[in-house]
>>> print(open('final07.txt').read())   # compact mmCIF, C-alpha atoms
# COMPACT_ATOMS: atom_id res chain seq x y z
CA MET E 1 38.02 65.34 133.20
CA PHE E 2 39.72 62.48 131.40
CA GLY E 3 36.98 62.44 128.76
CA PHE E 4 37.36 66.17 128.18
CA ARG E 5 41.15 65.86 127.84
CA GLN E 6 40.77 62.98 125.42
CA ILE E 7 38.29 64.94 123.30
CA THR E 8 40.59 67.98 123.37
CA GLY E 9 43.57 65.83 122.39
CA ASP E 10 41.66 64.23 119.52
CA PHE E 11 40.55 67.65 118.32
CA ARG E 12 44.09 69.00 118.41
CA SER E 13 45.38 65.94 116.55
CA ALA E 14 42.72 66.31 113.86
CA PHE E 15 43.38 70.05 113.63
CA ASP E 16 47.14 69.51 113.29
CA LYS E 17 46.56 67.00 110.48
CA LEU E 18 44.21 69.44 108.74
CA VAL E 19 46.77 72.23 108.99
CA ALA E 20 49.52 69.93 107.68
CA TYR E 21 47.34 68.89 104.73
CA ALA E 22 46.37 72.49 104.03
CA ALA E 23 50.06 73.44 103.97
CA SER E 24 50.99 70.47 101.79
CA GLY E 25 48.00 70.93 99.50
CA GLY E 26 48.50 74.67 99.39
CA SER E 27 52.11 74.32 98.33
CA LEU E 28 51.19 71.91 95.55
CA ILE E 29 48.30 74.11 94.41
CA ILE E 30 50.59 77.15 94.29
CA SER E 31 53.15 75.03 92.46
CA SER E 32 50.49 73.80 90.05
CA ALA E 33 49.25 77.33 89.38
CA ALA E 34 52.81 78.48 88.72
CA GLN E 35 53.39 75.55 86.35
CA LEU E 36 50.20 76.34 84.45
CA ILE E 37 51.26 79.97 84.11
CA THR E 38 54.65 78.80 82.84
CA PHE E 39 52.96 76.44 80.40
CA ALA E 40 50.61 79.21 79.24
CA VAL E 41 53.44 81.71 78.73
CA LEU E 42 55.38 79.17 76.66
CA ALA E 43 52.31 78.10 74.68
CA ARG E 44 51.58 81.72 73.73
CA SER E 45 55.17 82.76 73.03
CA LEU E 46 56.46 79.68 71.21
CA GLY E 47 53.44 79.09 69.00
CA VAL E 48 51.95 75.77 67.95
CA HIS E 49 54.95 74.43 66.00
CA GLU E 50 57.71 75.34 68.48
CA PHE E 51 55.51 74.39 71.43
CA SER E 52 54.96 70.95 69.91
CA LEU E 53 58.77 70.49 69.80
CA PHE E 54 59.00 71.47 73.45
CA VAL E 55 56.17 69.07 74.38
CA GLY E 56 57.76 66.20 72.44
CA ILE E 57 61.18 66.46 74.08
CA THR E 58 59.61 67.00 77.50
CA ALA E 59 57.43 63.91 77.05
CA ILE E 60 60.46 61.72 76.33
CA SER E 61 62.37 63.29 79.22
CA SER E 62 59.54 62.51 81.62
CA VAL E 63 59.93 58.81 80.85
CA ALA E 64 63.69 58.93 81.39
CA LEU E 65 63.25 60.93 84.61
CA HIS E 66 61.75 57.92 86.38
CA LEU E 67 64.67 55.73 85.29
CA CYS E 68 67.23 58.22 86.58
CA GLY E 69 68.34 57.06 90.04
CA LEU E 70 66.70 53.63 89.70
CA GLY E 71 64.02 54.47 92.28
CA ALA E 72 66.54 55.12 95.06
CA MET E 73 64.59 58.16 96.23
CA GLU E 74 61.74 56.03 97.60
CA SER E 75 64.21 54.02 99.67
CA LEU E 76 65.45 57.24 101.25
CA VAL E 77 61.94 58.41 102.17
CA ARG E 78 60.87 55.05 103.58
CA ARG E 79 64.00 54.26 105.58
CA VAL E 80 64.69 57.78 106.84
CA ALA E 81 61.06 57.96 108.03
CA ARG E 82 61.78 54.90 110.18
CA ASP E 83 65.37 55.71 111.19
CA GLY E 84 66.84 59.18 110.62
CA SER E 85 70.41 57.96 111.16
CA THR E 86 70.31 56.21 107.75
CA TYR E 87 70.18 59.55 105.91
CA PRO E 88 73.90 59.98 105.00
CA VAL E 89 74.17 56.51 103.48
CA LEU E 90 70.92 56.77 101.57
CA LEU E 91 71.78 60.24 100.28
CA GLY E 92 75.08 58.91 98.95
CA HIS E 93 73.24 55.92 97.46
CA ASN E 94 70.91 58.33 95.63
CA LEU E 95 73.66 60.60 94.36
CA ILE E 96 75.72 57.72 92.97
CA LEU E 97 72.80 56.14 91.12
CA THR E 98 71.50 59.50 89.90
CA GLY E 99 74.91 60.45 88.55
CA ILE E 100 75.52 57.15 86.73
CA THR E 101 72.07 56.69 85.24
CA GLY E 102 71.71 60.39 84.45
CA ALA E 103 74.93 60.44 82.45
CA ILE E 104 73.88 57.36 80.46
CA LEU E 105 70.39 58.71 79.73
CA VAL E 106 71.60 62.15 78.66
CA ALA E 107 74.29 60.68 76.39
CA ALA E 108 71.83 58.27 74.77
CA GLY E 109 69.27 61.02 74.24
CA ALA E 110 71.78 63.50 72.84
CA ILE E 111 72.78 60.90 70.24
CA THR E 112 69.32 59.68 69.20
CA LEU E 113 66.87 62.57 69.63
CA PRO E 114 68.49 64.89 67.04
CA PHE E 115 67.14 62.48 64.42
CA LEU E 116 63.59 63.23 65.65
CA PHE E 117 63.73 66.89 66.67
CA GLU E 118 65.42 69.88 65.08
CA LEU E 119 66.01 72.89 67.32
CA SER E 120 68.80 74.22 65.10
CA ALA E 121 69.90 73.70 61.51
CA ASN E 122 73.46 73.20 62.79
CA PRO E 123 73.75 69.47 63.75
CA ALA E 124 76.28 70.06 66.53
CA LEU E 125 74.27 72.91 68.05
CA ASN E 126 71.07 70.88 67.71
CA ALA E 127 72.59 67.99 69.70
CA LEU E 128 73.97 70.43 72.29
CA LEU E 129 70.59 72.11 72.82
CA ILE E 130 68.76 68.80 73.10
CA GLY E 131 71.42 67.59 75.53
CA ALA E 132 70.89 70.71 77.65
CA MET E 133 67.14 70.02 77.76
CA LEU E 134 67.80 66.43 78.80
CA VAL E 135 70.17 67.45 81.59
CA THR E 136 67.57 69.97 82.75
CA ASN E 137 64.52 67.71 82.67
CA ILE E 138 66.19 64.52 83.89
CA VAL E 139 69.23 65.07 86.13
CA LEU E 140 68.51 68.51 87.57
CA VAL E 141 64.83 67.82 88.16
CA ARG E 142 65.75 64.54 89.87
CA LEU E 143 68.11 66.35 92.26
CA ILE E 144 65.50 68.99 93.06
CA VAL E 145 62.79 66.42 93.71
CA LEU E 146 65.26 64.44 95.84
CA THR E 147 65.56 67.45 98.12
CA GLU E 148 61.79 67.68 98.53
CA GLN E 149 61.46 63.96 99.22
CA THR E 150 64.31 64.02 101.75
CA PHE E 151 62.48 66.54 103.90
CA ILE E 152 59.25 64.57 103.53
CA GLY E 153 61.07 61.49 104.84
CA ARG E 154 62.18 63.56 107.84
CA SER E 155 58.57 64.78 108.28
CA GLU E 156 59.77 68.36 107.72
CA PHE E 157 56.82 69.16 105.49
CA GLY E 158 57.23 72.92 105.76
CA THR E 159 60.69 72.80 104.20
CA ALA E 160 59.52 70.32 101.56
CA ASN E 161 56.68 72.68 100.67
CA LYS E 162 59.14 75.56 100.29
CA VAL E 163 61.17 73.51 97.83
CA VAL E 164 58.08 72.71 95.75
CA VAL E 165 56.81 76.28 95.66
CA GLY E 166 60.25 77.80 95.15
CA PHE E 167 60.99 75.52 92.20
CA ALA E 168 57.68 76.26 90.50
CA VAL E 169 57.93 80.02 91.05
CA ALA E 170 61.52 80.08 89.77
CA ARG E 171 60.44 78.42 86.52
CA THR E 172 57.56 80.86 86.12
CA ILE E 173 59.83 83.85 86.66
CA ALA E 174 62.30 82.43 84.13
CA ALA E 175 59.54 81.92 81.54
CA VAL E 176 58.08 85.40 82.03
CA LEU E 177 61.49 87.06 81.81
CA ALA E 178 62.57 84.99 78.82
CA CYS E 179 59.40 85.38 76.77
CA PHE E 180 58.12 88.82 77.71
CA ALA E 181 61.29 90.72 78.61
CA PHE E 182 63.79 89.14 76.20
CA GLY E 183 61.47 88.01 73.39
CA VAL E 184 62.23 84.29 73.46
CA SER E 185 60.11 82.65 70.74
CA THR E 186 61.82 79.33 69.94
CA THR E 187 62.41 76.11 71.86
CA ALA E 188 66.16 76.49 71.28
CA GLU E 189 66.21 79.85 73.07
CA TRP E 190 64.03 78.57 75.89
CA ALA E 191 66.31 75.53 76.38
CA ILE E 192 69.12 77.87 77.49
CA TRP E 193 66.90 79.80 79.91
CA GLN E 194 65.41 76.61 81.30
CA PHE E 195 68.85 75.09 81.88
CA ALA E 196 70.14 78.17 83.72
CA CYS E 197 67.03 78.32 85.93
CA HIS E 198 67.28 74.65 86.92
CA VAL E 199 71.01 74.91 87.67
CA LEU E 200 70.40 77.75 90.13
CA VAL E 201 67.54 75.91 91.86
CA ALA E 202 69.53 72.66 92.01
CA LEU E 203 72.48 74.44 93.63
CA VAL E 204 70.21 75.89 96.32
CA CYS E 205 68.68 72.45 96.93
CA PHE E 206 72.08 70.78 97.13
CA ARG E 207 73.17 73.22 99.81
CA MET E 208 69.97 72.50 101.74
CA LEU E 209 70.78 68.79 101.67
CA LEU E 210 74.36 69.30 102.82
CA ARG E 211 73.12 71.18 105.89
CA LEU E 212 71.62 67.89 107.04
CA GLY E 213 75.03 66.22 106.87
CA SER E 214 77.51 65.04 104.28
CA PRO E 215 76.59 61.99 102.21
CA GLU E 216 78.29 58.65 102.69
CA PHE E 217 78.99 57.45 99.19
CA ARG E 218 78.22 53.75 98.97
CA ILE E 219 75.60 51.59 97.33
CA VAL E 220 72.95 50.06 99.58
CA ARG E 221 72.68 46.77 97.73
CA GLU E 222 69.55 45.48 99.43
CA GLU E 223 67.65 48.56 98.24
CA ILE E 224 68.56 48.25 94.57
CA MET E 225 65.81 45.76 93.73
CA ASN E 226 63.28 47.71 95.80
CA GLY E 227 64.25 50.80 93.82
CA ILE E 228 63.88 48.98 90.51
CA TYR E 229 60.50 47.61 91.57
CA PHE E 230 59.54 51.17 92.46
CA CYS E 231 60.77 52.96 89.34
CA VAL E 232 59.87 50.45 86.60
CA PRO E 233 56.10 50.96 87.06
CA PHE E 234 56.58 54.71 86.81
CA ILE E 235 58.71 54.34 83.70
CA LEU E 236 56.05 52.20 82.06
CA ARG E 237 53.32 54.53 83.27
CA ALA E 238 55.17 57.54 81.89
CA ALA E 239 55.51 55.68 78.59
CA ARG E 240 51.79 54.92 78.65
CA GLN E 241 50.98 58.54 79.43
CA ASN E 242 53.06 59.76 76.50
CA VAL E 243 52.27 57.17 73.85
CA ASP E 244 49.03 59.02 73.14
CA LEU E 245 50.94 62.21 72.32
CA MET E 246 53.37 60.29 70.13
CA VAL E 247 50.63 58.58 68.12
CA LEU E 248 48.51 61.73 67.95
CA SER E 249 51.49 63.56 66.46
CA LEU E 250 51.44 61.00 63.62
CA VAL E 251 47.71 61.00 62.88
CA SER E 252 46.42 64.41 64.02
CA THR E 253 47.10 68.10 63.51
CA PRO E 254 49.57 70.12 65.63
CA GLU E 255 46.59 71.93 67.19
CA ILE E 256 45.09 68.65 68.42
CA VAL E 257 48.44 67.54 69.85
CA SER E 258 49.06 70.88 71.57
CA SER E 259 45.52 71.21 72.95
CA TYR E 260 45.54 67.64 74.22
CA SER E 261 48.93 68.11 75.89
CA VAL E 262 47.63 71.21 77.70
CA ALA E 263 44.50 69.31 78.77
CA ARG E 264 46.68 66.52 80.12
CA ARG E 265 48.68 69.07 82.10
CA MET E 266 45.43 70.38 83.59
CA ILE E 267 44.43 66.89 84.73
CA GLU E 268 47.86 66.33 86.23
CA SER E 269 47.53 69.63 88.07
CA SER E 270 44.11 68.71 89.46
CA TYR E 271 45.56 65.42 90.74
CA LEU E 272 48.03 67.36 92.88
CA SER E 273 45.33 67.83 95.52
CA VAL E 274 45.31 64.06 96.00
CA GLU E 275 49.09 63.84 95.77
CA ALA E 276 49.28 66.34 98.63
CA LEU E 277 47.35 63.87 100.78
CA ASN E 278 49.49 60.92 99.73
CA ARG E 279 52.81 62.68 100.38
CA LEU E 280 51.57 63.69 103.83
CA ILE E 281 50.38 60.19 104.71
CA TYR E 282 53.30 58.16 103.27
CA PRO E 283 55.91 58.58 106.07
CA GLY E 284 53.36 57.78 108.79
CA SER E 285 52.15 54.73 106.87
CA ALA E 286 55.76 53.58 106.46
CA ARG E 287 56.26 53.72 110.23
CA ALA E 288 52.88 52.16 111.07
CA SER E 289 53.36 49.27 108.63
CA ALA E 290 56.85 48.33 109.83
CA GLU E 291 55.39 45.24 111.54
CA GLY E 292 53.02 44.36 108.73
CA LEU E 293 50.68 45.85 106.12
CA HIS E 294 47.56 44.82 108.05
CA HIS E 295 48.38 47.38 110.73
CA ILE E 296 47.38 50.23 108.38
CA ALA E 297 44.18 48.67 106.97
CA GLU E 298 41.88 51.09 108.81
CA ARG E 299 44.18 53.98 108.01
CA VAL E 300 43.95 53.16 104.29
CA LYS E 301 40.14 53.21 104.40
CA LYS E 302 40.17 56.70 105.89
CA VAL E 303 42.68 57.89 103.32
CA LEU E 304 40.50 56.46 100.53
CA ALA E 305 37.44 58.36 101.76
CA ALA E 306 39.43 61.59 101.92
CA ALA E 307 40.97 61.00 98.47
CA ILE E 308 37.57 60.45 96.85
CA LEU E 309 36.17 63.61 98.41
CA ILE E 310 39.17 65.68 97.34
CA SER E 311 39.27 64.27 93.79
CA VAL E 312 35.55 64.89 93.19
CA ALA E 313 36.00 68.51 94.26
CA ALA E 314 39.04 68.83 91.98
CA ALA E 315 37.19 67.31 89.00
CA VAL E 316 34.23 69.65 89.43
CA ALA E 317 36.52 72.66 89.72
CA VAL E 318 38.41 71.76 86.53
CA PHE E 319 35.15 71.18 84.62
CA ILE E 320 33.83 74.59 85.68
CA ILE E 321 36.95 76.61 84.86
CA ALA E 322 37.59 74.92 81.48
CA PRO E 323 35.98 77.72 79.38
CA VAL E 324 38.44 80.23 80.85
CA LEU E 325 41.53 78.36 79.61
CA PRO E 326 41.62 79.76 76.03
CA TYR E 327 42.07 83.23 77.51
CA LEU E 328 45.12 81.92 79.35
CA PHE E 329 46.73 79.69 76.74
CA GLY E 330 45.53 81.40 73.57
CA HIS E 331 42.56 80.99 71.25
CA ASP E 332 44.59 78.99 68.73
CA TYR E 333 44.02 75.98 70.99
CA VAL E 334 40.44 75.47 69.82
CA SER E 335 40.00 71.91 71.15
CA LEU E 336 41.26 72.71 74.64
CA VAL E 337 37.96 73.23 76.47
CA SER E 338 36.43 70.06 75.05
CA PHE E 339 39.46 67.94 75.96
CA VAL E 340 39.66 69.29 79.50
CA ARG E 341 35.99 68.70 80.24
CA LYS E 342 36.04 65.18 78.83
CA LEU E 343 39.14 64.22 80.82
CA SER E 344 38.32 66.04 84.07
CA TRP E 345 36.57 63.10 85.77
CA VAL E 346 39.46 60.68 85.30
CA VAL E 347 41.16 62.24 88.34
CA ILE E 348 38.67 60.40 90.57
CA LEU E 349 39.80 57.02 89.26
CA LEU E 350 43.44 58.09 89.59
CA ALA E 351 42.84 59.03 93.22
CA ILE E 352 41.17 55.73 94.09
CA TRP E 353 43.88 53.44 92.80
CA SER E 354 46.74 55.68 93.96
CA VAL E 355 45.68 55.13 97.59
CA ALA E 356 46.08 51.37 97.17
CA VAL E 357 49.50 51.48 95.50
CA GLU E 358 50.80 54.08 97.97
CA ALA E 359 49.80 51.76 100.84
CA LEU E 360 51.68 48.88 99.21
CA GLY E 361 54.73 51.08 98.70
CA ALA E 362 54.75 52.44 102.26
CA ALA E 363 54.74 48.90 103.60
CA GLY E 364 57.64 47.91 101.34
CA ASN E 365 55.54 45.59 99.16
CA HIS E 366 57.14 46.82 95.96
CA ALA E 367 56.86 43.51 94.15
CA TYR E 368 53.05 43.64 94.41
CA ARG E 369 53.01 47.34 93.67
CA GLY E 370 55.38 47.03 90.75
CA THR E 371 53.46 44.15 89.21
CA VAL E 372 50.14 46.01 89.26
CA MET E 373 51.52 49.23 87.85
CA SER E 374 53.79 47.56 85.30
CA LEU E 375 51.11 45.28 83.85
CA GLY E 376 48.61 48.13 83.87
CA SER E 377 51.01 50.36 81.99
CA LEU E 378 52.01 47.69 79.47
CA LEU E 379 48.39 46.93 78.64
CA GLY E 380 47.65 50.63 78.76
CA CYS E 381 50.33 51.39 76.17
CA ALA E 382 48.87 48.88 73.77
CA ILE E 383 45.26 49.96 74.31
CA THR E 384 46.04 53.68 74.09
CA ALA E 385 48.18 53.31 70.97
CA TRP E 386 45.55 51.21 69.19
CA ALA E 387 42.60 53.39 70.24
CA THR E 388 44.43 56.60 69.29
CA TRP E 389 45.41 55.21 65.91
CA TYR E 390 41.94 53.80 65.26
CA ASP E 391 39.84 56.81 66.25
CA PRO E 392 41.78 59.94 67.25
CA PRO E 393 41.16 61.75 69.53
CA ALA E 394 37.94 60.13 70.79
CA GLY E 395 39.62 56.74 71.11
CA THR E 396 42.41 58.32 73.14
CA ILE E 397 39.97 59.73 75.69
CA ILE E 398 37.91 56.52 75.97
CA SER E 399 41.04 54.45 76.47
CA PHE E 400 42.06 56.76 79.31
CA TYR E 401 38.95 55.85 81.31
CA VAL E 402 39.10 52.14 80.45
CA ILE E 403 42.70 51.86 81.67
CA GLU E 404 42.23 53.84 84.89
CA PHE E 405 39.11 51.84 85.81
CA GLY E 406 41.06 48.64 85.28
CA MET E 407 43.79 49.98 87.55
CA VAL E 408 41.23 50.59 90.30
CA ILE E 409 40.05 46.97 90.19
CA ALA E 410 43.54 45.47 90.00
CA SER E 411 45.21 47.64 92.66
CA TRP E 412 42.54 47.14 95.31
CA ALA E 413 42.33 43.40 94.64
CA VAL E 414 46.09 43.10 95.14
CA LEU E 415 46.04 45.28 98.26
CA ALA E 416 43.27 43.16 99.80
CA ARG E 417 45.28 40.00 99.10
CA ALA E 418 48.45 41.53 100.57
CA ILE E 419 46.59 42.58 103.74
CA ARG E 420 45.16 39.08 104.19
CA LYS E 421 48.61 37.57 103.72
CA SER E 422 50.15 40.03 106.19
CA ARG E 423 47.47 39.36 108.78
CA GLY E 424 47.82 35.60 108.33
CA GLY E 425 51.58 35.77 108.73
CA SER E 426 51.24 37.83 111.91
CA THR E 427 48.72 35.39 113.40
CA GLY E 428 50.96 32.43 112.59
CA ALA E 429 53.95 34.12 114.22
CA GLN E 430 51.94 34.82 117.36
CA LEU E 431 50.73 31.20 117.58
CA LEU E 432 54.28 29.94 117.12
CA LYS E 433 55.54 32.28 119.80
CA GLY E 434 52.78 31.18 122.20
CA ALA E 435 53.60 27.52 121.65
CA GLN E 436 57.21 27.99 122.74
CA PRO E 437 57.94 26.85 126.35
>>> encode(input="final07.txt", output="structure tokens")
Amino acid sequence: MFGFRQITGDFRSAFDKLVAYAASGGSLIISSAAQLITFAVLARSLGVHEFSLFVGITAISSVALHLCGLGAMESLVRRVARDGSTYPVLLGHNLILTGITGAILVAAGAITLPFLFELSANPALNALLIGAMLVTNIVLVRLIVLTEQTFIGRSEFGTANKVVVGFAVARTIAAVLACFAFGVSTTAEWAIWQFACHVLVALVCFRMLLRLGSPEFRIVREEIMNGIYFCVPFILRAARQNVDLMVLSLVSTPEIVSSYSVARRMIESSYLSVEALNRLIYPGSARASAEGLHHIAERVKKVLAAAILISVAAAVAVFIIAPVLPYLFGHDYVSLVSFVRKLSWVVILLAIWSVAVEALGAAGNHAYRGTVMSLGSLLGCAITAWATWYDPPAGTIISFYVIEFGMVIASWAVLARAIRKSRGGSTGAQLLKGAQP
């Protein structure tokens, strides 16, 4: 009887995890599909020149997005997962840092970017439109993602999934209405629609957060360095991921830049299947590793096996559907199919090293995690820039694989060292405790 109950319990546990992953993965897949539709609508309606402006400003905003808030969001997820009573303080911590850093980033961008991008011949209007895009893609997106991550920290994955899907669908509806119903055909016009859409979604998200309790506005000083360790690697990685577009824009045609940017978006979308696994696992790993990283060693191995399986399936799917993409994005993007198929397999390498760095992050080892990702991104920037300049776009694609393979080696070597150190420290503490009278 006991054996039967144990088997039944194990089956139910496995089934519950599968359902949770299906819900998490399903929400991200729906979100990804909605984003691709949005991207396709804009690519068709804006045309190659205007779309390249949109891609350029968005690329710069994506780097600034990771700086906004100084990584405070991760602190909220990790600490709320361990102790829900910390939520009000950590929410206030996030809002303060997001407000301060967001204001600085938007102001700096509104001053400098008009020298690089022209959305309007009127200088004042040009700066205003660029500023609106920066507020949209940095501050408002950060607040919306904060809502999703808050519910993940509370293990309320259903609500987090609703935020993800709702945000993506809202953007798609805005793009369809703007481009097809109101004839939007320039980046300047889309900037206004995009801003209005994000404001509405951010207001809904803010109300959702307030239902959990009012924030306590104070800085959690001990989490500032953890946040910086967390966000700096993502800033550098975002810079590395966008340096190829920047250099390509100098040495290649607008069609190459646009097709490559769409291909990159496809790879990012295919990675969402692995991200769904990581976001589901992270809170549990944070709790399980509270007494040391070595306590989740076996858990990490299982996650790695699942991540490889999921990423291989995603890569194959992207490779197969690549020929259909010109019908979605437009036949002016002649290099799109080739780029997508050549880049499709990189998602497997991304999945492998992401498991290692997520494990380090869940256990609070942000110094190790930050070092690996920061050095990888710094070297990656240099390699990608040189390879893209030397032999575009073939050098760009080759450098992608070289960098991600290097990240696999480095991240797992550091994780193995951190586990050994954690296990050694635990053994020493136990021996010391046993020696006490």
>>> closest_residue(input="final07.txt", among="E:Val77, E:Leu97, E:Ala168, E:Ala110", to="E:Gln149", atoms="all atoms listed in the file")
E:Val77
>>> atom_distance(input="final07.txt", atom1="atom CA of E:Leu415", atom2="atom CA of E:Leu293")
9.1 Å
>>> closest_atom_pairs(input="final07.txt", of="stretch 45-71 of chain E", to="stretch 88-96 of chain E", cutoff="10 Å", atoms="only C-alpha atoms", output="tab-separated table")
residue	atom	partner	partner_atom	distance
E:Cys68	CA	E:Asn94	CA	9.8
E:Gly69	CA	E:Asn94	CA	6.3
E:Leu70	CA	E:Asn94	CA	8.7
E:Gly71	CA	E:Asn94	CA	8.6
>>> residues_around(input="final07.txt", residues="E:Trp412", least_positions_apart="2", cutoff="10 Å", atoms="all atoms listed in the file", output="list in words")
Ile352, Trp353, Ser354, Val355, Ala356, Val357, Val372, Met407, Val408, Ile409, Ala410, Val414, Leu415, Ala416, Arg417 and Ala418 of chain E
>>> residues_around(input="final07.txt", residues="E:Arg420", least_positions_apart="5", cutoff="12 Å", atoms="only C-alpha atoms", output="ChimeraX atom specification")
/E:292-295,297,413-415,425-427
>>> closest_residue(input="final07.txt", among="E:Ala276, E:Leu245, E:Leu378, E:Ile403", to="E:Val257", atoms="all atoms listed in the file")
E:Leu245
>>> closest_residue(input="final07.txt", among="E:Ala288, E:Leu350, E:Val48, E:Leu336", to="E:Ala307", atoms="all atoms listed in the file")
E:Leu350
>>> atom_distance(input="final07.txt", atom1="atom CA of E:Ala263", atom2="atom CA of E:Ser311")
16.7 Å
>>> atom_distance(input="final07.txt", atom1="atom CA of E:Gly102", atom2="atom CA of E:Ala174")
24.0 Å
>>> residues_around(input="final07.txt", residues="stretch 182-188 of chain E", least_positions_apart="4", cutoff="9 Å", atoms="all atoms listed in the file", output="list in words")
Leu42, Ser45, Leu46, Gly47, Glu50, Phe51, Leu53, Phe54, Leu119, Ser120, Asn126, Leu129, Ile130, Ala175, Val176, Leu177, Ala178 and Ile192 of chain E
>>> closest_residue(input="final07.txt", among="E:Arg279, E:Lys302, E:Arg341, E:His198", to="E:Phe157", atoms="all atoms listed in the file")
E:Arg279
>>> closest_residue(input="final07.txt", among="E:Arg265, E:Arg79, E:Arg171, E:Arg369", to="E:Leu325", atoms="all atoms listed in the file")
E:Arg265
>>> residues_around(input="final07.txt", residues="E:Ala160", least_positions_apart="2", cutoff="12 Å", atoms="only C-alpha atoms", output="VMD selection string")
chain E and resid 20 23 to 25 27 to 28 144 to 158 162 to 167 205 208 to 209 276 279 to 280
>>> closest_residue(input="final07.txt", among="E:Ile281, E:Leu125, E:Val80, E:Val141", to="E:Ala64", atoms="all atoms listed in the file")
E:Val141
